[in-house]
>>> print(open('entry_29.json').read())   # JSON, C-alpha atoms and all ligand atoms
[["chain", "number", "residue", "atom", "x", "y", "z"],
["D", 1, "MET", "CA", 0.00, 0.00, 0.00],
["D", 2, "PHE", "CA", 1.33, 3.42, -0.84],
["D", 3, "THR", "CA", -0.17, 6.37, 0.92],
["D", 4, "GLY", "CA", 0.90, 9.89, 0.20],
["D", 5, "VAL", "CA", -0.58, 12.92, 1.90],
["D", 6, "PHE", "CA", 0.88, 16.11, 0.51],
["D", 7, "PRO", "CA", 0.19, 18.99, 2.89],
["D", 8, "ALA", "CA", -0.13, 21.79, 0.38],
["D", 9, "VAL", "CA", -2.53, 20.03, -1.93],
["D", 10, "GLU", "CA", -3.90, 17.20, 0.19],
["D", 11, "LEU", "CA", -3.12, 14.64, -2.47],
["D", 12, "SER", "CA", -3.87, 11.24, -1.10],
["D", 13, "VAL", "CA", -2.92, 8.10, -2.97],
["D", 14, "GLN", "CA", -3.29, 4.69, -1.43],
["D", 15, "VAL", "CA", -2.26, 1.52, -3.20],
["D", 16, "VAL", "CA", -1.76, -1.86, -1.62],
["D", 17, "HIS", "CA", 0.89, -3.97, -3.25],
["D", 18, "PRO", "CA", -1.09, -6.99, -4.45],
["D", 19, "THR", "CA", 1.47, -9.62, -3.59],
["D", 20, "LEU", "CA", 3.71, -8.22, -0.88],
["D", 21, "GLY", "CA", 1.06, -6.36, 1.04],
["D", 22, "ALA", "CA", 3.67, -3.66, 1.59],
["D", 23, "HIS", "CA", 2.16, -0.65, 3.29],
["D", 24, "ILE", "CA", 4.00, 2.61, 3.00],
["D", 25, "ILE", "CA", 2.86, 5.92, 4.47],
["D", 26, "LEU", "CA", 4.35, 9.15, 3.22],
["D", 27, "LYS", "CA", 3.05, 11.99, 5.32],
["D", 28, "ARG", "CA", 4.32, 15.51, 5.70],
["D", 29, "LYS", "CA", 7.80, 14.55, 4.60],
["D", 30, "LYS", "CA", 7.80, 11.95, 7.34],
["D", 31, "PHE", "CA", 8.31, 8.52, 5.88],
["D", 32, "GLU", "CA", 7.17, 5.35, 7.55],
["D", 33, "ALA", "CA", 7.10, 1.85, 6.14],
["D", 34, "ARG", "CA", 5.27, -1.07, 7.64],
["D", 35, "ILE", "CA", 4.47, -4.52, 6.38],
["D", 36, "LEU", "CA", 0.87, -5.51, 6.77],
["D", 37, "THR", "CA", -0.56, -8.97, 6.51],
["D", 38, "HIS", "CA", -3.44, -8.14, 4.23],
["D", 39, "PHE", "CA", -3.69, -7.70, 0.49],
["D", 40, "ALA", "CA", -6.49, -5.23, 0.15],
["D", 41, "VAL", "CA", -6.38, -2.93, -2.83],
["D", 42, "ASN", "CA", -7.41, 0.61, -2.22],
["D", 43, "VAL", "CA", -6.87, 3.58, -4.42],
["D", 44, "ASN", "CA", -7.97, 7.02, -3.32],
["D", 45, "ILE", "CA", -7.03, 10.05, -5.37],
["D", 46, "ALA", "CA", -8.18, 13.51, -4.32],
["D", 47, "SER", "CA", -5.64, 15.74, -5.82],
["D", 48, "ALA", "CA", -4.73, 19.26, -6.61],
["D", 49, "ILE", "CA", -3.45, 17.94, -9.91],
["D", 50, "PHE", "CA", -6.96, 17.11, -11.04],
["D", 51, "SER", "CA", -9.21, 19.24, -8.90],
["D", 52, "PRO", "CA", -8.50, 22.67, -10.51],
["D", 53, "VAL", "CA", -9.20, 21.20, -13.95],
["D", 54, "LEU", "CA", -12.33, 19.50, -12.76],
["D", 55, "ARG", "CA", -13.50, 22.62, -10.97],
["D", 56, "ARG", "CA", -13.02, 24.65, -14.15],
["D", 57, "LEU", "CA", -15.09, 22.11, -16.03],
["D", 58, "ASP", "CA", -17.68, 22.29, -13.30],
["D", 59, "ASN", "CA", -17.77, 26.08, -13.46],
["D", 60, "ARG", "CA", -18.48, 25.84, -17.17],
["D", 61, "GLY", "CA", -21.47, 23.66, -16.43],
["D", 62, "ARG", "CA", -19.87, 20.52, -17.80],
["D", 63, "SER", "CA", -19.50, 17.18, -16.12],
["D", 64, "GLY", "CA", -16.49, 17.98, -13.96],
["D", 65, "GLY", "CA", -18.51, 18.21, -10.75],
["D", 66, "GLY", "CA", -19.60, 14.62, -11.02],
["D", 67, "ILE", "CA", -16.07, 13.43, -11.67],
["D", 68, "MET", "CA", -14.79, 15.65, -8.88],
["D", 69, "ARG", "CA", -17.24, 14.24, -6.41],
["D", 70, "ALA", "CA", -16.25, 10.72, -7.43],
["D", 71, "MET", "CA", -12.58, 11.54, -6.86],
["D", 72, "ILE", "CA", -12.85, 13.34, -3.54],
["D", 73, "GLU", "CA", -11.58, 11.16, -0.79],
["D", 74, "LYS", "CA", -13.98, 10.19, 1.94],
["D", 75, "VAL", "CA", -12.67, 10.00, 5.47],
["D", 76, "LEU", "CA", -14.59, 8.55, 8.36],
["D", 77, "LEU", "CA", -14.62, 11.09, 11.17],
["D", 78, "HIS", "CA", -15.38, 9.59, 14.53],
["D", 79, "SER", "CA", -17.16, 12.45, 16.21],
["D", 80, "CYS", "CA", -17.72, 12.96, 19.94],
["D", 81, "CYS", "CA", -19.83, 16.11, 19.63],
["D", 82, "ALA", "CA", -20.58, 19.12, 17.41],
["D", 83, "PRO", "CA", -18.23, 21.63, 19.11],
["D", 84, "CYS", "CA", -15.23, 19.30, 18.71],
["D", 85, "SER", "CA", -16.11, 18.36, 15.12],
["D", 86, "ALA", "CA", -17.17, 21.58, 13.38],
["D", 87, "ALA", "CA", -13.69, 23.00, 12.72],
["D", 88, "ILE", "CA", -12.44, 19.60, 11.51],
["D", 89, "ILE", "CA", -15.35, 19.24, 9.11],
["D", 90, "GLU", "CA", -14.74, 22.75, 7.80],
["D", 91, "TRP", "CA", -11.03, 22.06, 7.34],
["D", 92, "MET", "CA", -11.62, 18.76, 5.56],
["D", 93, "ARG", "CA", -14.08, 20.29, 3.11],
["D", 94, "ALA", "CA", -11.68, 23.15, 2.40],
["D", 95, "HIS", "CA", -9.13, 20.46, 1.51],
["D", 96, "ASP", "CA", -11.38, 18.42, -0.79],
["D", 97, "ILE", "CA", -12.05, 15.71, 1.75],
["D", 98, "GLU", "CA", -15.60, 14.58, 2.39],
["D", 99, "PRO", "CA", -16.12, 13.57, 6.00],
["D", 100, "VAL", "CA", -18.51, 10.78, 6.83],
["D", 101, "VAL", "CA", -19.39, 11.47, 10.43],
["D", 102, "TYR", "CA", -19.71, 8.54, 12.81],
["D", 103, "PHE", "CA", -21.30, 9.21, 16.18],
["D", 104, "PHE", "CA", -20.23, 6.32, 18.36],
["D", 105, "ASN", "CA", -19.99, 7.35, 22.00],
["D", 106, "PRO", "CA", -21.52, 4.77, 24.36],
["D", 107, "ASN", "CA", -19.51, 6.38, 27.15],
["D", 108, "ILE", "CA", -21.84, 9.37, 27.38],
["D", 109, "ALA", "CA", -24.17, 9.40, 30.36],
["D", 110, "PRO", "CA", -26.90, 9.98, 31.27],
["D", 111, "GLN", "CA", -29.09, 9.17, 28.27],
["D", 112, "GLU", "CA", -30.47, 12.75, 28.11],
["D", 113, "GLU", "CA", -26.95, 14.11, 27.78],
["D", 114, "TYR", "CA", -26.20, 11.60, 25.03],
["D", 115, "ASP", "CA", -29.37, 12.57, 23.16],
["D", 116, "LYS", "CA", -28.54, 16.25, 23.47],
["D", 117, "ARG", "CA", -24.99, 15.89, 22.09],
["D", 118, "LYS", "CA", -26.12, 13.64, 19.28],
["D", 119, "ALA", "CA", -28.99, 15.93, 18.29],
["D", 120, "GLU", "CA", -26.65, 18.90, 18.10],
["D", 121, "LEU", "CA", -24.22, 17.06, 15.84],
["D", 122, "VAL", "CA", -26.97, 15.69, 13.60],
["D", 123, "ARG", "CA", -28.50, 19.17, 13.27],
["D", 124, "TYR", "CA", -25.19, 20.68, 12.23],
["D", 125, "CYS", "CA", -24.32, 17.92, 9.75],
["D", 126, "ARG", "CA", -27.77, 18.06, 8.18],
["D", 127, "GLU", "CA", -27.35, 21.79, 7.63],
["D", 128, "LEU", "CA", -24.14, 21.02, 5.73],
["D", 129, "GLY", "CA", -25.51, 18.00, 3.90],
["D", 130, "ILE", "CA", -23.00, 15.67, 5.55],
["D", 131, "THR", "CA", -23.73, 12.00, 6.15],
["D", 132, "VAL", "CA", -24.01, 11.10, 9.83],
["D", 133, "ILE", "CA", -23.98, 7.49, 10.96],
["D", 134, "ASP", "CA", -25.51, 6.86, 14.33],
["D", 135, "GLY", "CA", -23.67, 4.18, 16.29],
["D", 136, "ASP", "CA", -25.46, 2.24, 19.00],
["D", 137, "ARG", "CA", -25.25, 3.35, 22.61],
["D", 138, "ASP", "CA", -24.58, 0.21, 24.59],
["D", 139, "HIS", "CA", -23.62, 1.88, 27.82],
["D", 140, "GLU", "CA", -23.57, -1.43, 29.72],
["D", 141, "ALA", "CA", -20.92, -2.77, 27.34],
["D", 142, "TRP", "CA", -18.94, 0.43, 27.80],
["D", 143, "LEU", "CA", -19.17, 0.10, 31.61],
["D", 144, "ALA", "CA", -17.92, -3.47, 31.29],
["D", 145, "ALA", "CA", -14.93, -2.26, 29.23],
["D", 146, "VAL", "CA", -13.88, 0.19, 31.97],
["D", 147, "ARG", "CA", -14.75, -1.99, 34.97],
["D", 148, "GLY", "CA", -12.22, -1.58, 37.76],
["D", 149, "LEU", "CA", -11.10, 1.78, 36.34],
["D", 150, "GLU", "CA", -14.02, 3.85, 37.64],
["D", 151, "ASN", "CA", -11.85, 5.86, 40.03],
["D", 152, "GLU", "CA", -9.09, 6.59, 37.56],
["D", 153, "PRO", "CA", -8.47, 10.29, 36.91],
["D", 154, "GLU", "CA", -9.16, 11.81, 33.51],
["D", 155, "ARG", "CA", -6.33, 11.03, 31.09],
["D", 156, "GLY", "CA", -5.76, 7.82, 33.08],
["D", 157, "ARG", "CA", -6.32, 4.17, 32.21],
["D", 158, "ARG", "CA", -10.12, 4.47, 32.02],
["D", 159, "CYS", "CA", -9.80, 7.04, 29.25],
["D", 160, "GLN", "CA", -7.41, 4.81, 27.33],
["D", 161, "ALA", "CA", -9.90, 1.93, 27.52],
["D", 162, "CYS", "CA", -12.67, 4.31, 26.48],
["D", 163, "PHE", "CA", -10.72, 5.54, 23.43],
["D", 164, "ASN", "CA", -9.74, 1.99, 22.49],
["D", 165, "LEU", "CA", -13.35, 0.89, 22.39],
["D", 166, "ARG", "CA", -14.61, 3.89, 20.43],
["D", 167, "LEU", "CA", -11.83, 3.95, 17.85],
["D", 168, "SER", "CA", -11.99, 0.21, 17.33],
["D", 169, "ALA", "CA", -15.66, 0.68, 16.41],
["D", 170, "ALA", "CA", -14.73, 3.56, 14.11],
["D", 171, "ALA", "CA", -12.13, 1.42, 12.31],
["D", 172, "ALA", "CA", -14.66, -1.39, 11.93],
["D", 173, "LYS", "CA", -17.22, 1.04, 10.51],
["D", 174, "ALA", "CA", -14.71, 2.53, 8.06],
["D", 175, "ARG", "CA", -13.82, -0.93, 6.86],
["D", 176, "GLU", "CA", -17.47, -1.90, 6.52],
["D", 177, "LEU", "CA", -18.09, 1.21, 4.40],
["D", 178, "GLY", "CA", -14.94, 0.78, 2.31],
["D", 179, "ILE", "CA", -13.46, 4.05, 3.59],
["D", 180, "ALA", "CA", -9.67, 3.86, 3.67],
["D", 181, "ARG", "CA", -8.94, 6.35, 6.46],
["D", 182, "PHE", "CA", -10.51, 7.24, 9.76],
["D", 183, "THR", "CA", -9.75, 9.90, 12.30],
["D", 184, "THR", "CA", -11.36, 11.30, 15.44],
["D", 185, "SER", "CA", -12.52, 14.58, 16.91],
["D", 186, "LEU", "CA", -11.08, 13.37, 20.22],
["D", 187, "ALA", "CA", -7.78, 14.73, 18.91],
["D", 188, "SER", "CA", -9.24, 18.24, 18.88],
["D", 189, "SER", "CA", -9.87, 18.59, 22.60],
["D", 190, "ARG", "CA", -7.22, 20.13, 24.81],
["D", 191, "TRP", "CA", -8.64, 18.10, 27.72],
["D", 192, "LYS", "CA", -7.64, 14.81, 26.08],
["D", 193, "SER", "CA", -4.22, 13.17, 25.87],
["D", 194, "LEU", "CA", -3.13, 13.08, 22.24],
["D", 195, "GLU", "CA", -0.80, 10.19, 23.06],
["D", 196, "GLN", "CA", -3.73, 8.13, 24.32],
["D", 197, "VAL", "CA", -5.84, 9.00, 21.27],
["D", 198, "SER", "CA", -2.97, 8.10, 18.98],
["D", 199, "ARG", "CA", -2.36, 4.80, 20.75],
["D", 200, "ALA", "CA", -6.03, 3.88, 20.49],
["D", 201, "GLY", "CA", -6.13, 4.76, 16.80],
["D", 202, "CYS", "CA", -3.06, 2.67, 16.01],
["D", 203, "LEU", "CA", -4.45, -0.30, 17.94],
["D", 204, "ALA", "CA", -7.71, 0.02, 16.04],
["D", 205, "GLN", "CA", -5.85, 0.15, 12.73],
["D", 206, "GLU", "CA", -3.93, -3.01, 13.59],
["D", 207, "ALA", "CA", -7.10, -4.80, 14.63],
["D", 208, "HIS", "CA", -8.87, -3.87, 11.39],
["D", 209, "PRO", "CA", -6.52, -4.47, 8.46],
["D", 210, "GLY", "CA", -7.35, -2.44, 5.39],
["D", 211, "VAL", "CA", -8.04, 0.87, 7.13],
["D", 212, "LEU", "CA", -5.59, 3.52, 8.26],
["D", 213, "PHE", "CA", -5.76, 5.75, 11.28],
["D", 214, "TRP", "CA", -5.18, 9.36, 10.26],
["D", 215, "ASP", "CA", -3.18, 10.36, 13.30],
["D", 216, "ARG", "CA", -3.53, 14.11, 13.15],
["D", 217, "ASN", "CA", -3.46, 16.76, 15.85],
["D", 218, "TRP", "CA", -6.74, 18.56, 15.11],
["D", 219, "ARG", "CA", -5.86, 21.49, 17.36],
["D", 220, "LYS", "CA", -3.05, 22.74, 15.13],
["D", 221, "GLU", "CA", -3.11, 25.22, 12.25],
["D", 222, "GLY", "CA", -5.56, 27.51, 14.02],
["D", 223, "LEU", "CA", -8.20, 24.84, 14.52],
["D", 224, "GLN", "CA", -8.28, 25.35, 18.28],
["D", 225, "ASP", "CA", -9.27, 29.00, 17.78],
["D", 226, "ARG", "CA", -11.65, 28.15, 14.95],
["D", 227, "ARG", "CA", -13.35, 25.64, 17.25],
["D", 228, "ALA", "CA", -14.11, 28.44, 19.70],
["D", 229, "GLU", "CA", -15.36, 30.72, 16.91],
["D", 230, "LEU", "CA", -17.68, 28.10, 15.46],
["D", 231, "LEU", "CA", -19.00, 27.31, 18.92],
["D", 232, "LYS", "CA", -20.21, 30.90, 19.19],
["D", 233, "ILE", "CA", -21.36, 31.24, 15.57],
["D", 234, "HIS", "CA", -23.54, 28.12, 15.73],
["D", 235, "ASN", "CA", -24.46, 28.51, 19.37],
["D", 236, "PHE", "CA", -23.65, 24.86, 20.01],
["D", 237, "TYR", "CA", -24.63, 23.14, 23.18],
["D", 238, "ASN", "CA", -21.31, 22.95, 25.01],
["D", 239, "GLN", "CA", -21.06, 20.16, 27.56],
["D", 240, "LEU", "CA", -19.53, 20.68, 30.99],
["D", 241, "TRP", "CA", -17.99, 17.25, 31.42],
["D", 242, "CYS", "CA", -16.16, 14.83, 29.19],
["D", 243, "GLY", "CA", -18.89, 12.25, 28.84],
["D", 244, "CYS", "CA", -19.16, 9.41, 31.33],
["D", 245, "GLU", "CA", -20.80, 9.46, 34.74],
["D", 246, "PHE", "CA", -17.37, 9.36, 36.39],
["D", 247, "SER", "CA", -16.26, 12.55, 34.66],
["D", 248, "GLN", "CA", -19.62, 14.11, 35.52],
["D", 249, "ARG", "CA", -19.10, 13.27, 39.20],
["D", 250, "ALA", "CA", -15.60, 14.78, 39.11],
["D", 251, "MET", "CA", -17.03, 17.93, 37.53],
["D", 252, "LEU", "CA", -19.73, 18.18, 40.24],
["D", 253, "ARG", "CA", -17.09, 17.72, 42.95],
["D", 254, "ARG", "CA", -15.01, 20.55, 41.46],
["D", 255, "GLN", "CA", -18.10, 22.74, 41.23],
["D", 256, "TRP", "CA", -19.02, 22.01, 44.86],
["D", 257, "ALA", "CA", -15.46, 22.79, 46.02],
["D", 258, "ARG", "CA", -15.56, 26.13, 44.18],
["D", 259, "GLU", "CA", -18.90, 27.03, 45.76],
["D", 260, "GLN", "CA", -17.61, 26.10, 49.21],
["D", 261, "ALA", "CA", -14.52, 28.25, 48.70],
["D", 262, "ALA", "CA", -16.65, 31.19, 47.55],
["D", 263, "GLU", "CA", -18.94, 30.86, 50.58],
["D", 264, "THR", "CA", -15.94, 30.73, 52.92],
["D", 265, "CYS", "CA", -14.50, 33.88, 51.32],
["D", 266, "ALA", "CA", -17.88, 35.68, 51.56],
["D", 267, "ALA", "CA", -18.25, 34.75, 55.26],
["D", 268, "ALA", "CA", -14.71, 35.97, 56.03],
["D", 269, "SER", "CA", -15.14, 39.35, 54.36],
["M", 1, "LIG", "S1", -13.50, 10.88, 31.17],
["M", 1, "LIG", "FE1", -14.08, 10.97, 29.00],
["M", 1, "LIG", "S2", -12.50, 9.84, 27.89],
["M", 1, "LIG", "FE2", -12.32, 9.33, 30.05],
["M", 1, "LIG", "S3", -13.55, 7.48, 30.32],
["M", 1, "LIG", "FE3", -14.91, 9.18, 30.78],
["M", 1, "LIG", "S4", -15.89, 9.67, 28.84],
["M", 1, "LIG", "FE4", -14.13, 8.37, 28.35]]
>>> encode(input="entry_29.json", output="structure tokens")
Amino acid sequence: MFTGVFPAVELSVQVVHPTLGAHIILKRKKFEARILTHFAVNVNIASAIFSPVLRRLDNRGRSGGGIMRAMIEKVLLHSCCAPCSAAIIEWMRAHDIEPVVYFFNPNIAPQEEYDKRKAELVRYCRELGITVIDGDRDHEAWLAAVRGLENEPERGRRCQACFNLRLSAAAAKARELGIARFTTSLASSRWKSLEQVSRAGCLAQEAHPGVLFWDRNWRKEGLQDRRAELLKIHNFYNQLWCGCEFSQRAMLRRQWAREQAAETCAAAS
């Protein structure tokens, strides 16, 4: 497999060597080579070589738009919520990448909170005409995956298990849909450990041969600031805790401690 992602033009070419199964990633001048055990063939070309020509054809009312759409690479975007996804979606579309949004977050509790976050994301994607796939919320299965880790702090082992489960599902969905690359909005939040997200993505990629984890820091290149801007522009519902009941409890404890401290200060003055 040859994969090239050229930063200036976002050219992406993926070819699996039919006999050797050699898998080569060329990304931002960084060169990695790995040998995979599968022989899938996948060719994705979304290139600046072709896109200007096709756009010109499209502008003249000829058939370029159809060809262009056929050539634009689809990427499965595992999405945790609208605020974390909006800037990524915008960036992808500006770079001729069509995101297919996958909402798979069985960690979110309670159910009302889950419904609220999902509704916000679906509303936003519908406005943009983006496909959203609704993953199941099997919270019991998620609780089983993090059993024994309930008291871990955020960014601890519970979060790693949580990321592993969600990104494994994202890889499986990408493979099912024949989408070569997947990535996640989890890599856009400054509250999350990028190392943990990256580890989960790589594990998911290994467990699901034929798909690649696009290990990108979605905070860079101004996306952190753009996230905040889009949050205001679209008036997104912005959650106060990461997702699970354990993070909600930690948030309530912090809130209570702040209130206690404020009361103590008021009484002393
Ligand atoms: S704090 Fe967030 S990332 Fe960590 S386990 Fe809970 S929902 Fe998952």
>>> residues_around(input="entry_29.json", residues="Cys244 in chain D", least_positions_apart="6", cutoff="7 Å", atoms="only C-alpha atoms", output="PyMOL selection string")
chain D and resi 107-109
>>> closest_atom_pairs(input="entry_29.json", of="chain D", to="ligand LIG 1 (chain M)", cutoff="6 Å", atoms="all atoms listed in the file", output="tab-separated table")
residue	atom	partner	partner_atom	distance
D:Asn107	CA	M:LIG1	S4	5.2
D:Glu154	CA	M:LIG1	S1	5.0
D:Arg158	CA	M:LIG1	S3	4.9
D:Cys159	CA	M:LIG1	FE2	3.5
D:Cys162	CA	M:LIG1	FE4	4.7
D:Cys242	CA	M:LIG1	FE1	4.4
D:Gly243	CA	M:LIG1	S4	4.0
D:Cys244	CA	M:LIG1	S4	4.1
D:Ser247	CA	M:LIG1	S1	4.8
>>> closest_residue(input="entry_29.json", among="D:Glu150, D:Glu229, D:Asp215, D:Glu176", to="Arg249 in chain D", atoms="all atoms listed in the file")
D:Glu150
>>> residues_around(input="entry_29.json", residues="Arg155 in chain D", least_positions_apart="5", cutoff="10 Å", atoms="all atoms listed in the file", output="NGL selection string")
:D and (160 or 191-196)
>>> closest_residue(input="entry_29.json", among="D:Gln239, D:Arg226, D:Leu231, D:Arg181", to="Met251 in chain D", atoms="all atoms listed in the file")
D:Gln239
>>> closest_atom_pairs(input="entry_29.json", of="range 152-226 of chain D", to="range 96-104 of chain D", cutoff="10 Å", atoms="all atoms listed in the file", output="tab-separated table")
residue	atom	partner	partner_atom	distance
D:Leu165	CA	D:Phe104	CA	9.6
D:Arg166	CA	D:Phe104	CA	6.5
D:Leu167	CA	D:Phe104	CA	8.7
D:Ala169	CA	D:Phe104	CA	7.5
D:Ala170	CA	D:Tyr102	CA	7.2
D:Lys173	CA	D:Tyr102	CA	8.2
D:Ala174	CA	D:Tyr102	CA	9.1
D:Leu177	CA	D:Val100	CA	9.9
D:Ile179	CA	D:Val100	CA	9.0
D:Phe182	CA	D:Val100	CA	9.2
D:Thr183	CA	D:Pro99	CA	9.7
D:Thr184	CA	D:Tyr102	CA	9.2
D:Ser185	CA	D:Val101	CA	9.9
>>> atom_distance(input="entry_29.json", atom1="CA of Trp256 in chain D", atom2="CA of Leu240 in chain D")
13.9 Å
>>> closest_residue(input="entry_29.json", among="D:Arg216, D:Arg175, D:Arg123, D:Arg137", to="Leu76 in chain D", atoms="all atoms listed in the file")
D:Arg175
>>> closest_residue(input="entry_29.json", among="D:Asp134, D:Glu90, D:Glu127, D:Glu73", to="Pro106 in chain D", atoms="all atoms listed in the file")
D:Asp134
>>> closest_residue(input="entry_29.json", among="D:Tyr114, D:Ala172, D:Leu230, D:Ile72", to="Ala94 in chain D", atoms="only C-alpha atoms")
D:Ile72
>>> atom_distance(input="entry_29.json", atom1="CA of Trp241 in chain D", atom2="CA of Thr131 in chain D")
26.4 Å
>>> atom_distance(input="entry_29.json", atom1="CA of Trp218 in chain D", atom2="CA of Arg199 in chain D")
15.5 Å
>>> closest_residue(input="entry_29.json", among="D:Asn238, D:Gly201, D:Glu245, D:Ala250", to="Gln111 in chain D", atoms="all atoms listed in the file")
D:Glu245
>>> residues_around(input="entry_29.json", residues="Ser188 in chain D", least_positions_apart="4", cutoff="12 Å", atoms="all atoms listed in the file", output="JSON, numbers by chain")
{"D": [77, 78, 79, 80, 81, 82, 83, 84, 85, 86, 87, 88, 89, 183, 184, 192, 193, 194, 197, 198, 215, 216, 217, 218, 219, 220, 221, 222, 223, 224, 225, 226, 227, 228]}
>>> decode(input="entry_29.json", residues="range 180-198 of chain D", atoms="N, CA and C atoms", output="CSV table (one decimal), in the first residue's frame")
chain,number,residue,atom,x,y,z
D,180,ALA,N,-11.1,4.3,3.4
D,180,ALA,CA,-9.7,3.9,3.7
D,180,ALA,C,-9.1,4.5,4.9
D,181,ARG,N,-9.5,5.7,5.3
D,181,ARG,CA,-8.9,6.3,6.5
D,181,ARG,C,-10.0,6.8,7.5
D,182,PHE,N,-9.6,6.7,8.7
D,182,PHE,CA,-10.5,7.2,9.8
D,182,PHE,C,-9.7,8.1,10.7
D,183,THR,N,-10.4,9.0,11.3
D,183,THR,CA,-9.8,9.9,12.3
D,183,THR,C,-10.8,10.2,13.4
D,184,THR,N,-10.4,11.0,14.3
D,184,THR,CA,-11.4,11.3,15.4
D,184,THR,C,-11.3,12.7,16.0
D,185,SER,N,-12.5,13.2,16.3
D,185,SER,CA,-12.5,14.6,16.9
D,185,SER,C,-11.9,14.6,18.3
D,186,LEU,N,-11.7,13.4,18.9
D,186,LEU,CA,-11.1,13.4,20.2
D,186,LEU,C,-9.7,14.1,20.2
D,187,ALA,N,-9.1,14.1,19.0
D,187,ALA,CA,-7.8,14.7,18.9
D,187,ALA,C,-7.9,16.2,18.8
D,188,SER,N,-9.1,16.8,19.0
D,188,SER,CA,-9.2,18.2,18.9
D,188,SER,C,-9.4,18.9,20.3
D,189,SER,N,-9.6,18.0,21.3
D,189,SER,CA,-9.9,18.6,22.6
D,189,SER,C,-8.6,18.7,23.4
D,190,ARG,N,-8.4,19.9,24.0
D,190,ARG,CA,-7.2,20.1,24.8
D,190,ARG,C,-7.3,19.4,26.1
D,191,TRP,N,-8.5,18.8,26.5
D,191,TRP,CA,-8.6,18.1,27.7
D,191,TRP,C,-8.2,16.6,27.6
D,192,LYS,N,-8.0,16.2,26.3
D,192,LYS,CA,-7.6,14.8,26.1
D,192,LYS,C,-6.1,14.7,25.8
D,193,SER,N,-5.6,13.5,26.2
D,193,SER,CA,-4.2,13.2,25.9
D,193,SER,C,-4.1,12.7,24.4
D,194,LEU,N,-3.3,13.5,23.6
D,194,LEU,CA,-3.1,13.1,22.2
D,194,LEU,C,-2.4,11.7,22.1
D,195,GLU,N,-1.5,11.5,23.1
D,195,GLU,CA,-0.8,10.2,23.1
D,195,GLU,C,-1.8,9.0,23.2
D,196,GLN,N,-2.7,9.2,24.1
D,196,GLN,CA,-3.7,8.1,24.3
D,196,GLN,C,-4.6,8.0,23.1
D,197,VAL,N,-5.0,9.1,22.5
D,197,VAL,CA,-5.8,9.0,21.3
D,197,VAL,C,-5.1,8.3,20.2
D,198,SER,N,-3.8,8.7,20.0
D,198,SER,CA,-3.0,8.1,19.0
D,198,SER,C,-2.8,6.6,19.2
